[in-house]
$ cat query.cif   # mmCIF, C-alpha atoms
data_model
loop_
_atom_site.label_atom_id
_atom_site.label_comp_id
_atom_site.auth_asym_id
_atom_site.auth_seq_id
_atom_site.Cartn_x
_atom_site.Cartn_y
_atom_site.Cartn_z
CA MET Z 1 78.77 94.13 107.04
CA VAL Z 2 79.94 97.23 105.20
CA ALA Z 3 83.43 98.24 106.30
CA THR Z 4 84.36 101.28 104.27
CA SER Z 5 87.42 103.48 104.39
CA ASP Z 6 87.08 107.12 105.29
CA LEU Z 7 85.77 108.37 101.95
CA ALA Z 8 86.40 111.80 100.48
CA ARG Z 9 84.26 113.15 97.65
CA ALA Z 10 85.83 114.74 94.62
CA ASP Z 11 84.43 117.83 92.91
CA GLN Z 12 81.82 115.72 91.14
CA PRO Z 13 79.34 114.53 93.81
CA GLU Z 14 78.88 111.11 92.19
CA ILE Z 15 82.59 110.27 92.30
CA ILE Z 16 84.10 108.99 95.54
CA VAL Z 17 87.83 108.97 96.14
CA PRO Z 18 89.07 106.68 98.94
CA ASN Z 19 91.10 108.07 101.83
CA PHE Z 20 93.33 105.65 103.72
CA TRP Z 21 95.06 108.28 105.86
CA ASP Z 22 93.98 110.07 109.02
CA HIS Z 23 93.31 113.62 107.86
CA LYS Z 24 93.71 114.92 111.42
CA ALA Z 25 97.17 113.45 111.93
CA VAL Z 26 100.25 115.64 111.49
CA PHE Z 27 103.47 114.05 110.30
CA ASP Z 28 106.82 115.78 110.19
CA ARG Z 29 109.14 115.24 107.27
CA PRO Z 30 111.62 112.50 108.24
CA ASN Z 31 115.14 113.68 109.01
CA ASN Z 32 116.71 110.97 106.86
CA ILE Z 33 115.48 110.91 103.27
CA PRO Z 34 117.25 108.61 100.80
CA ASP Z 35 119.01 110.30 97.89
CA THR Z 36 117.37 107.98 95.38
CA ILE Z 37 114.88 105.12 95.10
CA GLN Z 38 115.07 102.36 92.50
CA PHE Z 39 111.55 100.97 92.18
CA LEU Z 40 110.88 97.42 91.01
CA ALA Z 41 107.67 96.46 89.23
CA THR Z 42 106.16 94.13 86.68
CA ASP Z 43 104.66 95.53 83.49
CA ASN Z 44 101.61 93.26 83.15
CA PHE Z 45 99.54 94.63 86.01
CA PRO Z 46 96.98 97.01 84.44
CA PRO Z 47 95.84 99.60 85.30
CA PHE Z 48 98.68 99.92 87.81
CA VAL Z 49 101.69 99.15 85.59
CA PHE Z 50 101.35 98.25 81.92
CA ARG Z 51 102.47 99.23 78.44
CA ASP Z 52 100.35 101.38 76.17
CA PRO Z 53 99.87 100.56 72.44
CA GLN Z 54 103.16 102.34 71.72
CA GLY Z 55 105.01 100.16 74.24
CA ARG Z 56 105.48 102.95 76.77
CA LEU Z 57 105.22 102.21 80.48
CA THR Z 58 102.21 103.78 82.10
CA GLY Z 59 99.77 103.18 84.93
CA PHE Z 60 98.69 104.36 88.35
CA ASN Z 61 101.79 103.00 90.10
CA ILE Z 62 104.08 104.61 87.54
CA ASP Z 63 102.62 108.05 88.13
CA LEU Z 64 102.38 107.46 91.87
CA SER Z 65 106.07 106.53 92.16
CA ARG Z 66 106.99 109.61 90.13
CA ALA Z 67 104.85 111.82 92.38
CA LEU Z 68 106.37 110.29 95.52
CA CYS Z 69 109.87 111.15 94.36
CA GLN Z 70 108.83 114.67 93.40
CA GLU Z 71 107.37 115.14 96.87
CA LEU Z 72 110.60 113.90 98.48
CA ALA Z 73 112.72 115.93 96.00
CA ILE Z 74 114.87 112.91 95.17
CA SER Z 75 115.76 111.07 91.98
CA CYS Z 76 114.03 107.80 91.15
CA ALA Z 77 114.10 105.07 88.54
CA LEU Z 78 111.95 102.06 87.71
CA LYS Z 79 113.18 98.62 86.72
CA ILE Z 80 110.82 96.03 85.21
CA LYS Z 81 111.08 92.43 86.38
CA ASP Z 82 108.92 89.33 86.20
CA PHE Z 83 106.70 89.18 89.27
CA GLU Z 84 108.26 85.98 90.62
CA VAL Z 85 111.74 87.53 90.78
CA LEU Z 86 110.78 90.87 92.34
CA ILE Z 87 111.68 89.79 95.88
CA PRO Z 88 115.01 88.16 94.87
CA ALA Z 89 115.85 91.34 92.96
CA LEU Z 90 115.07 93.40 96.06
CA ASP Z 91 117.19 91.08 98.23
CA GLU Z 92 120.08 91.34 95.79
CA GLU Z 93 119.79 95.15 95.88
CA GLU Z 94 118.85 95.50 92.23
CA GLY Z 95 116.20 97.86 93.55
CA ASP Z 96 115.07 99.52 96.76
CA ALA Z 97 111.29 99.16 96.75
CA ILE Z 98 108.66 96.95 95.09
CA ILE Z 99 105.56 98.77 93.83
CA SER Z 100 103.67 95.97 92.11
CA GLY Z 101 100.79 94.67 94.22
CA LEU Z 102 102.93 92.39 96.38
CA SER Z 103 100.89 91.02 99.28
CA ARG Z 104 102.31 91.61 102.72
CA TYR Z 105 100.68 88.32 103.74
CA SER Z 106 102.41 86.10 101.18
CA PRO Z 107 104.99 83.70 102.67
CA GLN Z 108 107.69 85.09 100.36
CA ALA Z 109 107.15 88.60 101.73
CA ARG Z 110 107.79 87.71 105.35
CA GLY Z 111 110.39 89.99 106.84
CA LEU Z 112 109.98 92.75 104.29
CA THR Z 113 109.12 96.24 105.47
CA PHE Z 114 105.88 97.63 104.03
CA THR Z 115 104.49 101.12 103.84
CA ASP Z 116 100.92 101.92 104.78
CA ASP Z 117 98.32 100.76 102.25
CA TYR Z 118 97.85 103.20 99.40
CA MET Z 119 94.99 101.26 97.82
CA LYS Z 120 92.43 98.67 98.84
CA LEU Z 121 90.37 96.60 96.43
CA PRO Z 122 86.81 96.33 97.72
CA ALA Z 123 84.03 94.03 96.69
CA ARG Z 124 81.05 95.68 95.03
CA VAL Z 125 77.54 94.82 93.91
CA ILE Z 126 76.10 95.71 90.54
CA VAL Z 127 72.42 95.76 89.70
CA SER Z 128 70.44 96.48 86.56
CA ASP Z 129 70.42 100.16 85.68
CA SER Z 130 66.63 100.04 85.81
CA ALA Z 131 66.53 98.46 89.29
CA ASP Z 132 64.67 100.49 91.90
CA THR Z 133 66.96 99.43 94.76
CA ASP Z 134 70.29 100.71 96.06
CA PHE Z 135 70.89 97.29 97.65
CA GLY Z 136 71.97 98.78 101.00
CA ASP Z 137 74.07 96.82 103.47
CA SER Z 138 72.72 93.48 102.28
CA PRO Z 139 70.22 92.05 99.80
CA LYS Z 140 66.57 91.85 100.70
CA PRO Z 141 65.22 88.38 101.52
CA GLY Z 142 64.62 86.44 98.35
CA GLN Z 143 66.84 88.58 96.14
CA THR Z 144 69.10 86.60 93.83
CA VAL Z 145 72.82 87.38 93.85
CA ALA Z 146 75.10 85.96 91.16
CA VAL Z 147 78.68 85.04 92.17
CA GLN Z 148 81.55 83.11 90.68
CA ALA Z 149 81.69 79.71 92.36
CA GLY Z 150 84.60 78.98 94.67
CA THR Z 151 85.59 82.61 95.23
CA ARG Z 152 85.81 84.72 98.37
CA TYR Z 153 82.78 86.60 97.07
CA GLU Z 154 80.70 83.43 97.18
CA ALA Z 155 82.05 82.59 100.65
CA PHE Z 156 81.20 86.05 101.96
CA ALA Z 157 77.72 86.09 100.44
CA ARG Z 158 76.80 82.68 101.83
CA LYS Z 159 78.04 83.57 105.32
CA PHE Z 160 76.61 87.06 105.70
CA TRP Z 161 73.55 87.04 103.41
CA PRO Z 162 71.61 83.90 104.43
CA GLY Z 163 68.33 85.40 103.27
CA ALA Z 164 69.51 85.85 99.71
CA ASP Z 165 69.36 83.27 96.95
CA ILE Z 166 73.01 82.84 95.94
CA LEU Z 167 73.47 81.69 92.35
CA ASP Z 168 76.81 80.07 91.49
CA PHE Z 169 78.34 80.51 88.05
CA SER Z 170 81.53 79.00 86.67
CA SER Z 171 82.92 82.36 85.55
CA THR Z 172 82.68 86.03 86.40
CA ALA Z 173 81.46 86.75 82.88
CA GLU Z 174 78.49 84.40 83.36
CA ALA Z 175 77.66 85.95 86.73
CA ARG Z 176 77.65 89.44 85.20
CA GLU Z 177 75.55 88.24 82.28
CA ALA Z 178 72.96 86.94 84.75
CA VAL Z 179 72.26 90.53 85.82
CA LYS Z 180 72.09 91.71 82.21
CA ASP Z 181 69.52 89.08 81.20
CA GLY Z 182 67.50 89.31 84.43
CA THR Z 183 68.40 85.87 85.79
CA ALA Z 184 69.80 87.53 88.93
CA ASP Z 185 68.96 90.73 90.76
CA ALA Z 186 72.60 91.50 91.47
CA HIS Z 187 76.18 90.36 90.98
CA PHE Z 188 78.78 90.48 93.77
CA GLY Z 189 82.43 90.64 92.71
CA ASP Z 190 85.66 92.58 92.43
CA GLY Z 191 85.00 96.32 92.44
CA LEU Z 192 88.04 97.29 90.39
CA SER Z 193 87.33 95.00 87.46
CA LEU Z 194 83.63 95.85 87.63
CA SER Z 195 84.39 99.57 87.34
CA PHE Z 196 86.02 98.92 83.96
CA TRP Z 197 83.43 96.39 82.83
CA LEU Z 198 80.54 98.77 83.52
CA ARG Z 199 81.98 101.21 80.97
CA SER Z 200 82.92 98.56 78.42
CA PRO Z 201 80.93 97.59 75.30
CA ALA Z 202 80.33 94.17 76.88
CA ALA Z 203 78.16 95.73 79.61
CA GLU Z 204 75.97 97.51 77.05
CA SER Z 205 75.18 100.19 79.68
CA CYS Z 206 73.13 97.59 81.51
CA CYS Z 207 74.14 98.09 85.09
CA ARG Z 208 75.40 100.28 87.91
CA PHE Z 209 77.03 99.96 91.31
CA ALA Z 210 74.76 99.64 94.34
CA GLY Z 211 75.61 99.35 98.04
CA GLY Z 212 79.07 98.89 99.45
CA PRO Z 213 82.00 99.12 99.12
CA TRP Z 214 82.75 95.99 101.11
CA LEU Z 215 86.16 95.81 102.82
CA GLU Z 216 85.45 93.06 105.32
CA PRO Z 217 88.70 91.91 107.01
CA GLY Z 218 89.56 88.36 106.10
CA TYR Z 219 87.78 88.67 102.77
CA PHE Z 220 88.50 91.99 101.08
CA GLY Z 221 90.56 93.97 103.59
CA GLU Z 222 94.01 93.36 102.09
CA GLY Z 223 95.54 96.48 100.61
CA MET Z 224 98.33 97.45 98.23
CA ALA Z 225 101.53 98.80 99.75
CA ILE Z 226 105.15 99.43 98.78
CA ALA Z 227 107.70 96.88 100.04
CA THR Z 228 111.27 97.64 101.06
CA ARG Z 229 114.02 95.39 102.34
CA SER Z 230 113.87 94.05 105.86
CA GLY Z 231 115.02 96.73 108.24
CA ASP Z 232 114.90 99.51 105.64
CA THR Z 233 112.64 101.53 107.89
CA GLU Z 234 114.03 104.92 106.83
CA ARG Z 235 113.01 104.43 103.20
CA ALA Z 236 109.60 103.09 104.23
CA ALA Z 237 109.11 106.08 106.57
CA ALA Z 238 110.00 108.51 103.79
CA LEU Z 239 107.52 106.85 101.42
CA ASN Z 240 104.80 106.88 104.10
CA TYR Z 241 105.36 110.58 104.65
CA ALA Z 242 105.19 111.24 100.91
CA LEU Z 243 102.02 109.17 100.51
CA ARG Z 244 100.25 111.20 103.18
CA GLN Z 245 101.47 114.46 101.65
CA LEU Z 246 100.20 113.46 98.22
CA HIS Z 247 96.77 112.82 99.68
CA GLN Z 248 96.68 116.06 101.65
CA LYS Z 249 97.72 118.05 98.56
CA GLY Z 250 95.15 116.40 96.29
CA VAL Z 251 97.72 114.68 94.09
CA TYR Z 252 96.52 111.20 95.05
CA GLN Z 253 92.94 112.14 94.21
CA GLU Z 254 94.02 113.45 90.81
CA LEU Z 255 95.83 110.20 90.01
CA TYR Z 256 92.91 108.10 91.21
CA LEU Z 257 90.45 109.91 88.96
CA ARG Z 258 92.89 109.74 86.03
CA TYR Z 259 93.02 105.95 86.09
CA PHE Z 260 89.67 105.11 87.69
CA PRO Z 261 87.16 107.58 86.20
CA LEU Z 262 84.34 105.36 87.46
CA SER Z 263 85.26 105.05 91.12
CA PHE Z 264 85.02 101.54 92.55
CA TYR Z 265 84.29 103.04 95.98
#

$ encode --input "query.cif" --output "structure tokens"
Amino acid sequence: MVATSDLARADQPEIIVPNFWDHKAVFDRPNNIPDTIQFLATDNFPPFVFRDPQGRLTGFNIDLSRALCQELAISCALKIKDFEVLIPALDEEEGDAIISGLSRYSPQARGLTFTDDYMKLPARVIVSDSADTDFGDSPKPGQTVAVQAGTRYEAFARKFWPGADILDFSSTAEAREAVKDGTADAHFGDGLSLSFWLRSPAAESCCRFAGGPWLEPGYFGEGMAIATRSGDTERAAALNYALRQLHQKGVYQELYLRYFPLSFY
């Protein structure tokens, strides 16, 4: 049940950078490029948009938006809003594009124009660092897999891994701890948050990724994209062109490794 993106390896063989664009496709620069783009975002969405200890805006989306505008050779700005008012602000033309993890499938986003996905958030498995298995496409019969109860990770594991012993925990922290103390052979959860946890003091260098990434449609296939107003196809087309160019030129890979030094792919 592994459904990975086309993956491109960085210079270091152990680091994998995702590729969401067809490397064989050729796209011409759009004839109509906007003179400027006012991005809208929220500032409590680490590591994509957040404030550093000095209060300065930083994050993957901040640097990505800056790189997009440099590629298009246009001026850009960023306005911070609470997440719940991002769409009203876009509708009222306070900004031109939302770059803040807005789901294209949310009812409020119906009618908006979205770019291609520039990031997907896969599910991953972690095992003890001393484990002698790479997990593969699925656990071996009888292996215990810790999950947080009531999540899509539990639903996926119970549907596709009937031979595994699925252990429910009330929190992600408890499920991760089960791998640390040997209660479970593996934990199945969000790859992004796990990539940061694995390098945190809380993990105590206990564990590593194994198997995956899992991007099963209906469970983990939803990606992050930039939203523009309904009918603003020219701006969306310009951003799509710039996204592809950033990947082809290696800029996207550089940003990915800057903010995700332990790849969650």

$ resolve_selection --input "query.cif" --expression "the PyMOL selection byres ((chain Z and resi 212) around 7)" --output "list in words"
Val2, Arg124, Asp137, Ala210, Gly211, Pro213 and Trp214 of chain Z

$ resolve_selection --input "query.cif" --expression "the PyMOL selection byres ((chain Z and resi 151) around 12)" --output "number ranges by chain"
Z: 123, 146-150, 152-158, 168-172, 188-190, 219-220

$ residues_around --input "query.cif" --residues "stretch 232-243 of chain Z" --least-positions-apart "3" --cutoff "9 Å" --atoms "all atoms listed in the file" --output "mmCIF file with C-alpha atoms, keeping the file's coordinate frame"
data_model
loop_
_atom_site.group_PDB
_atom_site.id
_atom_site.type_symbol
_atom_site.label_atom_id
_atom_site.label_comp_id
_atom_site.auth_asym_id
_atom_site.auth_seq_id
_atom_site.Cartn_x
_atom_site.Cartn_y
_atom_site.Cartn_z
ATOM 1 C CA TRP Z 21 95.060 108.280 105.860
ATOM 2 C CA PHE Z 27 103.470 114.050 110.300
ATOM 3 C CA ASP Z 28 106.820 115.780 110.190
ATOM 4 C CA ARG Z 29 109.140 115.240 107.270
ATOM 5 C CA PRO Z 30 111.620 112.500 108.240
ATOM 6 C CA ASN Z 31 115.140 113.680 109.010
ATOM 7 C CA ASN Z 32 116.710 110.970 106.860
ATOM 8 C CA ILE Z 33 115.480 110.910 103.270
ATOM 9 C CA PRO Z 34 117.250 108.610 100.800
ATOM 10 C CA ILE Z 37 114.880 105.120 95.100
ATOM 11 C CA LEU Z 64 102.380 107.460 91.870
ATOM 12 C CA ALA Z 67 104.850 111.820 92.380
ATOM 13 C CA LEU Z 68 106.370 110.290 95.520
ATOM 14 C CA CYS Z 69 109.870 111.150 94.360
ATOM 15 C CA GLU Z 71 107.370 115.140 96.870
ATOM 16 C CA LEU Z 72 110.600 113.900 98.480
ATOM 17 C CA ASP Z 96 115.070 99.520 96.760
ATOM 18 C CA ALA Z 97 111.290 99.160 96.750
ATOM 19 C CA LEU Z 112 109.980 92.750 104.290
ATOM 20 C CA THR Z 113 109.120 96.240 105.470
ATOM 21 C CA PHE Z 114 105.880 97.630 104.030
ATOM 22 C CA THR Z 115 104.490 101.120 103.840
ATOM 23 C CA ASP Z 116 100.920 101.920 104.780
ATOM 24 C CA TYR Z 118 97.850 103.200 99.400
ATOM 25 C CA ILE Z 226 105.150 99.430 98.780
ATOM 26 C CA ALA Z 227 107.700 96.880 100.040
ATOM 27 C CA THR Z 228 111.270 97.640 101.060
ATOM 28 C CA ARG Z 229 114.020 95.390 102.340
ATOM 29 C CA LEU Z 246 100.200 113.460 98.220
ATOM 30 C CA HIS Z 247 96.770 112.820 99.680
ATOM 31 C CA GLN Z 248 96.680 116.060 101.650
ATOM 32 C CA TYR Z 252 96.520 111.200 95.050
#

$ resolve_selection --input "query.cif" --expression "the PyMOL selection byres ((chain Z and resi 121) around 9)" --output "ChimeraX atom specification"
/Z:119-120,122-123,190-192,214-215,220-224,264-265

$ residues_around --input "query.cif" --residues "Z:Phe45" --least-positions-apart "6" --cutoff "12 Å" --atoms "all atoms listed in the file" --output "PDB file with C-alpha atoms, in the frame of the given file"
ATOM      1  CA  ARG Z  51     102.470  99.230  78.440  1.00  0.00           C
ATOM      2  CA  ASP Z  52     100.350 101.380  76.170  1.00  0.00           C
ATOM      3  CA  LEU Z  57     105.220 102.210  80.480  1.00  0.00           C
ATOM      4  CA  THR Z  58     102.210 103.780  82.100  1.00  0.00           C
ATOM      5  CA  GLY Z  59      99.770 103.180  84.930  1.00  0.00           C
ATOM      6  CA  PHE Z  60      98.690 104.360  88.350  1.00  0.00           C
ATOM      7  CA  ASN Z  61     101.790 103.000  90.100  1.00  0.00           C
ATOM      8  CA  ILE Z  62     104.080 104.610  87.540  1.00  0.00           C
ATOM      9  CA  ILE Z  80     110.820  96.030  85.210  1.00  0.00           C
ATOM     10  CA  LYS Z  81     111.080  92.430  86.380  1.00  0.00           C
ATOM     11  CA  ASP Z  82     108.920  89.330  86.200  1.00  0.00           C
ATOM     12  CA  PHE Z  83     106.700  89.180  89.270  1.00  0.00           C
ATOM     13  CA  ILE Z  99     105.560  98.770  93.830  1.00  0.00           C
ATOM     14  CA  SER Z 100     103.670  95.970  92.110  1.00  0.00           C
ATOM     15  CA  GLY Z 101     100.790  94.670  94.220  1.00  0.00           C
ATOM     16  CA  LEU Z 102     102.930  92.390  96.380  1.00  0.00           C
TER      17      LEU Z 102
END

$ atom_distance --input "query.cif" --atom1 "atom CA of Z:Gln108" --atom2 "atom CA of Z:Leu194"
29.3 Å

$ closest_residue --input "query.cif" --among "Z:Pro46, Z:Gly231, Z:Gly182, Z:Pro141" --to "Z:Asp165" --atoms "only C-alpha atoms"
Z:Pro141

$ atom_distance --input "query.cif" --atom1 "atom CA of Z:Ala73" --atom2 "atom CA of Z:Gln245"
12.7 Å

$ residues_near_point --input "query.cif" --point "(84.2, 102.4, 83.7)" --cutoff "12 Å" --atoms "all atoms listed in the file" --output "PyMOL selection string"
chain Z and resi 15+191-205+207-209+257-264

$ closest_residue --input "query.cif" --among "Z:Val125, Z:Cys76, Z:Ala109, Z:Ala175" --to "Z:Thr36" --atoms "all atoms listed in the file"
Z:Cys76

$ residues_near_point --input "query.cif" --point "(69.3, 103.0, 85.7)" --cutoff "8 Å" --atoms "only C-alpha atoms" --output "PyMOL selection string"
chain Z and resi 128-131+206-208

$ closest_residue --input "query.cif" --among "Z:Ala225, Z:Ala186, Z:Val85, Z:Ala77" --to "Z:Gly142" --atoms "only C-alpha atoms"
Z:Ala186

$ atom_distance --input "query.cif" --atom1 "atom CA of Z:Asp134" --atom2 "atom CA of Z:Gly250"
29.4 Å

$ decode --input "query.cif" --residues "stretch 46-70 of chain Z" --atoms "N, CA, C and O atoms" --output "PDB file, in the first residue's frame"
ATOM      1  N   PRO Z  46       4.342  26.386  12.287  1.00  0.00           N
ATOM      2  CA  PRO Z  46       5.720  25.910  12.106  1.00  0.00           C
ATOM      3  C   PRO Z  46       5.746  24.499  11.519  1.00  0.00           C
ATOM      4  O   PRO Z  46       4.822  23.719  11.778  1.00  0.00           O
ATOM      5  N   PRO Z  47       6.749  24.174  10.725  1.00  0.00           N
ATOM      6  CA  PRO Z  47       7.903  24.993  10.328  1.00  0.00           C
ATOM      7  C   PRO Z  47       7.657  25.781   9.043  1.00  0.00           C
ATOM      8  O   PRO Z  47       8.607  26.244   8.418  1.00  0.00           O
ATOM      9  N   PHE Z  48       6.383  25.949   8.667  1.00  0.00           N
ATOM     10  CA  PHE Z  48       6.083  26.606   7.398  1.00  0.00           C
ATOM     11  C   PHE Z  48       6.032  28.129   7.522  1.00  0.00           C
ATOM     12  O   PHE Z  48       6.588  28.842   6.704  1.00  0.00           O
ATOM     13  N   VAL Z  49       5.338  28.626   8.541  1.00  0.00           N
ATOM     14  CA  VAL Z  49       5.341  30.062   8.835  1.00  0.00           C
ATOM     15  C   VAL Z  49       5.279  30.207  10.355  1.00  0.00           C
ATOM     16  O   VAL Z  49       4.333  29.735  10.987  1.00  0.00           O
ATOM     17  N   PHE Z  50       6.284  30.857  10.916  1.00  0.00           N
ATOM     18  CA  PHE Z  50       6.299  31.067  12.369  1.00  0.00           C
ATOM     19  C   PHE Z  50       7.256  32.205  12.674  1.00  0.00           C
ATOM     20  O   PHE Z  50       7.918  32.742  11.785  1.00  0.00           O
ATOM     21  N   ARG Z  51       7.314  32.568  13.943  1.00  0.00           N
ATOM     22  CA  ARG Z  51       8.217  33.637  14.375  1.00  0.00           C
ATOM     23  C   ARG Z  51       9.359  33.036  15.193  1.00  0.00           C
ATOM     24  O   ARG Z  51       9.134  32.198  16.058  1.00  0.00           O
ATOM     25  N   ASP Z  52      10.567  33.493  14.878  1.00  0.00           N
ATOM     26  CA  ASP Z  52      11.726  33.008  15.619  1.00  0.00           C
ATOM     27  C   ASP Z  52      11.785  33.682  16.992  1.00  0.00           C
ATOM     28  O   ASP Z  52      10.937  34.529  17.313  1.00  0.00           O
ATOM     29  N   PRO Z  53      12.760  33.324  17.848  1.00  0.00           N
ATOM     30  CA  PRO Z  53      12.820  33.921  19.196  1.00  0.00           C
ATOM     31  C   PRO Z  53      12.913  35.435  19.202  1.00  0.00           C
ATOM     32  O   PRO Z  53      12.552  36.079  20.190  1.00  0.00           O
ATOM     33  N   GLN Z  54      13.378  36.026  18.109  1.00  0.00           N
ATOM     34  CA  GLN Z  54      13.452  37.482  18.002  1.00  0.00           C
ATOM     35  C   GLN Z  54      12.185  38.102  17.427  1.00  0.00           C
ATOM     36  O   GLN Z  54      12.106  39.314  17.219  1.00  0.00           O
ATOM     37  N   GLY Z  55      11.163  37.257  17.152  1.00  0.00           N
ATOM     38  CA  GLY Z  55       9.904  37.753  16.631  1.00  0.00           C
ATOM     39  C   GLY Z  55       9.874  37.940  15.134  1.00  0.00           C
ATOM     40  O   GLY Z  55       8.889  38.445  14.583  1.00  0.00           O
ATOM     41  N   ARG Z  56      10.918  37.499  14.439  1.00  0.00           N
ATOM     42  CA  ARG Z  56      10.968  37.654  12.989  1.00  0.00           C
ATOM     43  C   ARG Z  56      10.254  36.504  12.300  1.00  0.00           C
ATOM     44  O   ARG Z  56      10.367  35.348  12.716  1.00  0.00           O
ATOM     45  N   LEU Z  57       9.525  36.846  11.234  1.00  0.00           N
ATOM     46  CA  LEU Z  57       8.841  35.817  10.450  1.00  0.00           C
ATOM     47  C   LEU Z  57       9.853  34.946   9.729  1.00  0.00           C
ATOM     48  O   LEU Z  57      10.813  35.442   9.131  1.00  0.00           O
ATOM     49  N   THR Z  58       9.639  33.659   9.782  1.00  0.00           N
ATOM     50  CA  THR Z  58      10.511  32.732   9.084  1.00  0.00           C
ATOM     51  C   THR Z  58       9.708  31.490   8.738  1.00  0.00           C
ATOM     52  O   THR Z  58       8.529  31.384   9.060  1.00  0.00           O
ATOM     53  N   GLY Z  59      10.331  30.548   8.062  1.00  0.00           N
ATOM     54  CA  GLY Z  59       9.655  29.307   7.725  1.00  0.00           C
ATOM     55  C   GLY Z  59       9.780  28.942   6.263  1.00  0.00           C
ATOM     56  O   GLY Z  59      10.164  29.749   5.406  1.00  0.00           O
ATOM     57  N   PHE Z  60       9.449  27.698   5.976  1.00  0.00           N
ATOM     58  CA  PHE Z  60       9.544  27.171   4.615  1.00  0.00           C
ATOM     59  C   PHE Z  60       8.695  27.977   3.644  1.00  0.00           C
ATOM     60  O   PHE Z  60       9.146  28.336   2.551  1.00  0.00           O
ATOM     61  N   ASN Z  61       7.446  28.279   4.024  1.00  0.00           N
ATOM     62  CA  ASN Z  61       6.563  29.021   3.123  1.00  0.00           C
ATOM     63  C   ASN Z  61       7.039  30.452   2.897  1.00  0.00           C
ATOM     64  O   ASN Z  61       6.829  31.017   1.820  1.00  0.00           O
ATOM     65  N   ILE Z  62       7.665  31.033   3.904  1.00  0.00           N
ATOM     66  CA  ILE Z  62       8.198  32.392   3.758  1.00  0.00           C
ATOM     67  C   ILE Z  62       9.280  32.405   2.685  1.00  0.00           C
ATOM     68  O   ILE Z  62       9.262  33.224   1.752  1.00  0.00           O
ATOM     69  N   ASP Z  63      10.227  31.486   2.812  1.00  0.00           N
ATOM     70  CA  ASP Z  63      11.316  31.442   1.838  1.00  0.00           C
ATOM     71  C   ASP Z  63      10.832  30.972   0.469  1.00  0.00           C
ATOM     72  O   ASP Z  63      11.348  31.411  -0.561  1.00  0.00           O
ATOM     73  N   LEU Z  64       9.841  30.081   0.462  1.00  0.00           N
ATOM     74  CA  LEU Z  64       9.299  29.629  -0.818  1.00  0.00           C
ATOM     75  C   LEU Z  64       8.614  30.778  -1.550  1.00  0.00           C
ATOM     76  O   LEU Z  64       8.816  30.961  -2.762  1.00  0.00           O
ATOM     77  N   SER Z  65       7.791  31.551  -0.855  1.00  0.00           N
ATOM     78  CA  SER Z  65       7.104  32.672  -1.501  1.00  0.00           C
ATOM     79  C   SER Z  65       8.113  33.681  -2.038  1.00  0.00           C
ATOM     80  O   SER Z  65       7.942  34.235  -3.134  1.00  0.00           O
ATOM     81  N   ARG Z  66       9.178  33.925  -1.272  1.00  0.00           N
ATOM     82  CA  ARG Z  66      10.215  34.851  -1.728  1.00  0.00           C
ATOM     83  C   ARG Z  66      10.899  34.310  -2.994  1.00  0.00           C
ATOM     84  O   ARG Z  66      11.140  35.055  -3.953  1.00  0.00           O
ATOM     85  N   ALA Z  67      11.186  33.018  -3.002  1.00  0.00           N
ATOM     86  CA  ALA Z  67      11.835  32.414  -4.165  1.00  0.00           C
ATOM     87  C   ALA Z  67      10.919  32.426  -5.392  1.00  0.00           C
ATOM     88  O   ALA Z  67      11.384  32.616  -6.525  1.00  0.00           O
ATOM     89  N   LEU Z  68       9.627  32.223  -5.178  1.00  0.00           N
ATOM     90  CA  LEU Z  68       8.673  32.263  -6.289  1.00  0.00           C
ATOM     91  C   LEU Z  68       8.681  33.635  -6.961  1.00  0.00           C
ATOM     92  O   LEU Z  68       8.692  33.744  -8.193  1.00  0.00           O
ATOM     93  N   CYS Z  69       8.689  34.675  -6.148  1.00  0.00           N
ATOM     94  CA  CYS Z  69       8.664  36.025  -6.701  1.00  0.00           C
ATOM     95  C   CYS Z  69       9.981  36.377  -7.389  1.00  0.00           C
ATOM     96  O   CYS Z  69       9.994  37.069  -8.411  1.00  0.00           O
ATOM     97  N   GLN Z  70      11.078  35.876  -6.856  1.00  0.00           N
ATOM     98  CA  GLN Z  70      12.360  36.085  -7.517  1.00  0.00           C
ATOM     99  C   GLN Z  70      12.392  35.392  -8.868  1.00  0.00           C
ATOM    100  O   GLN Z  70      12.912  35.938  -9.849  1.00  0.00           O
TER     101      GLN Z  70
END
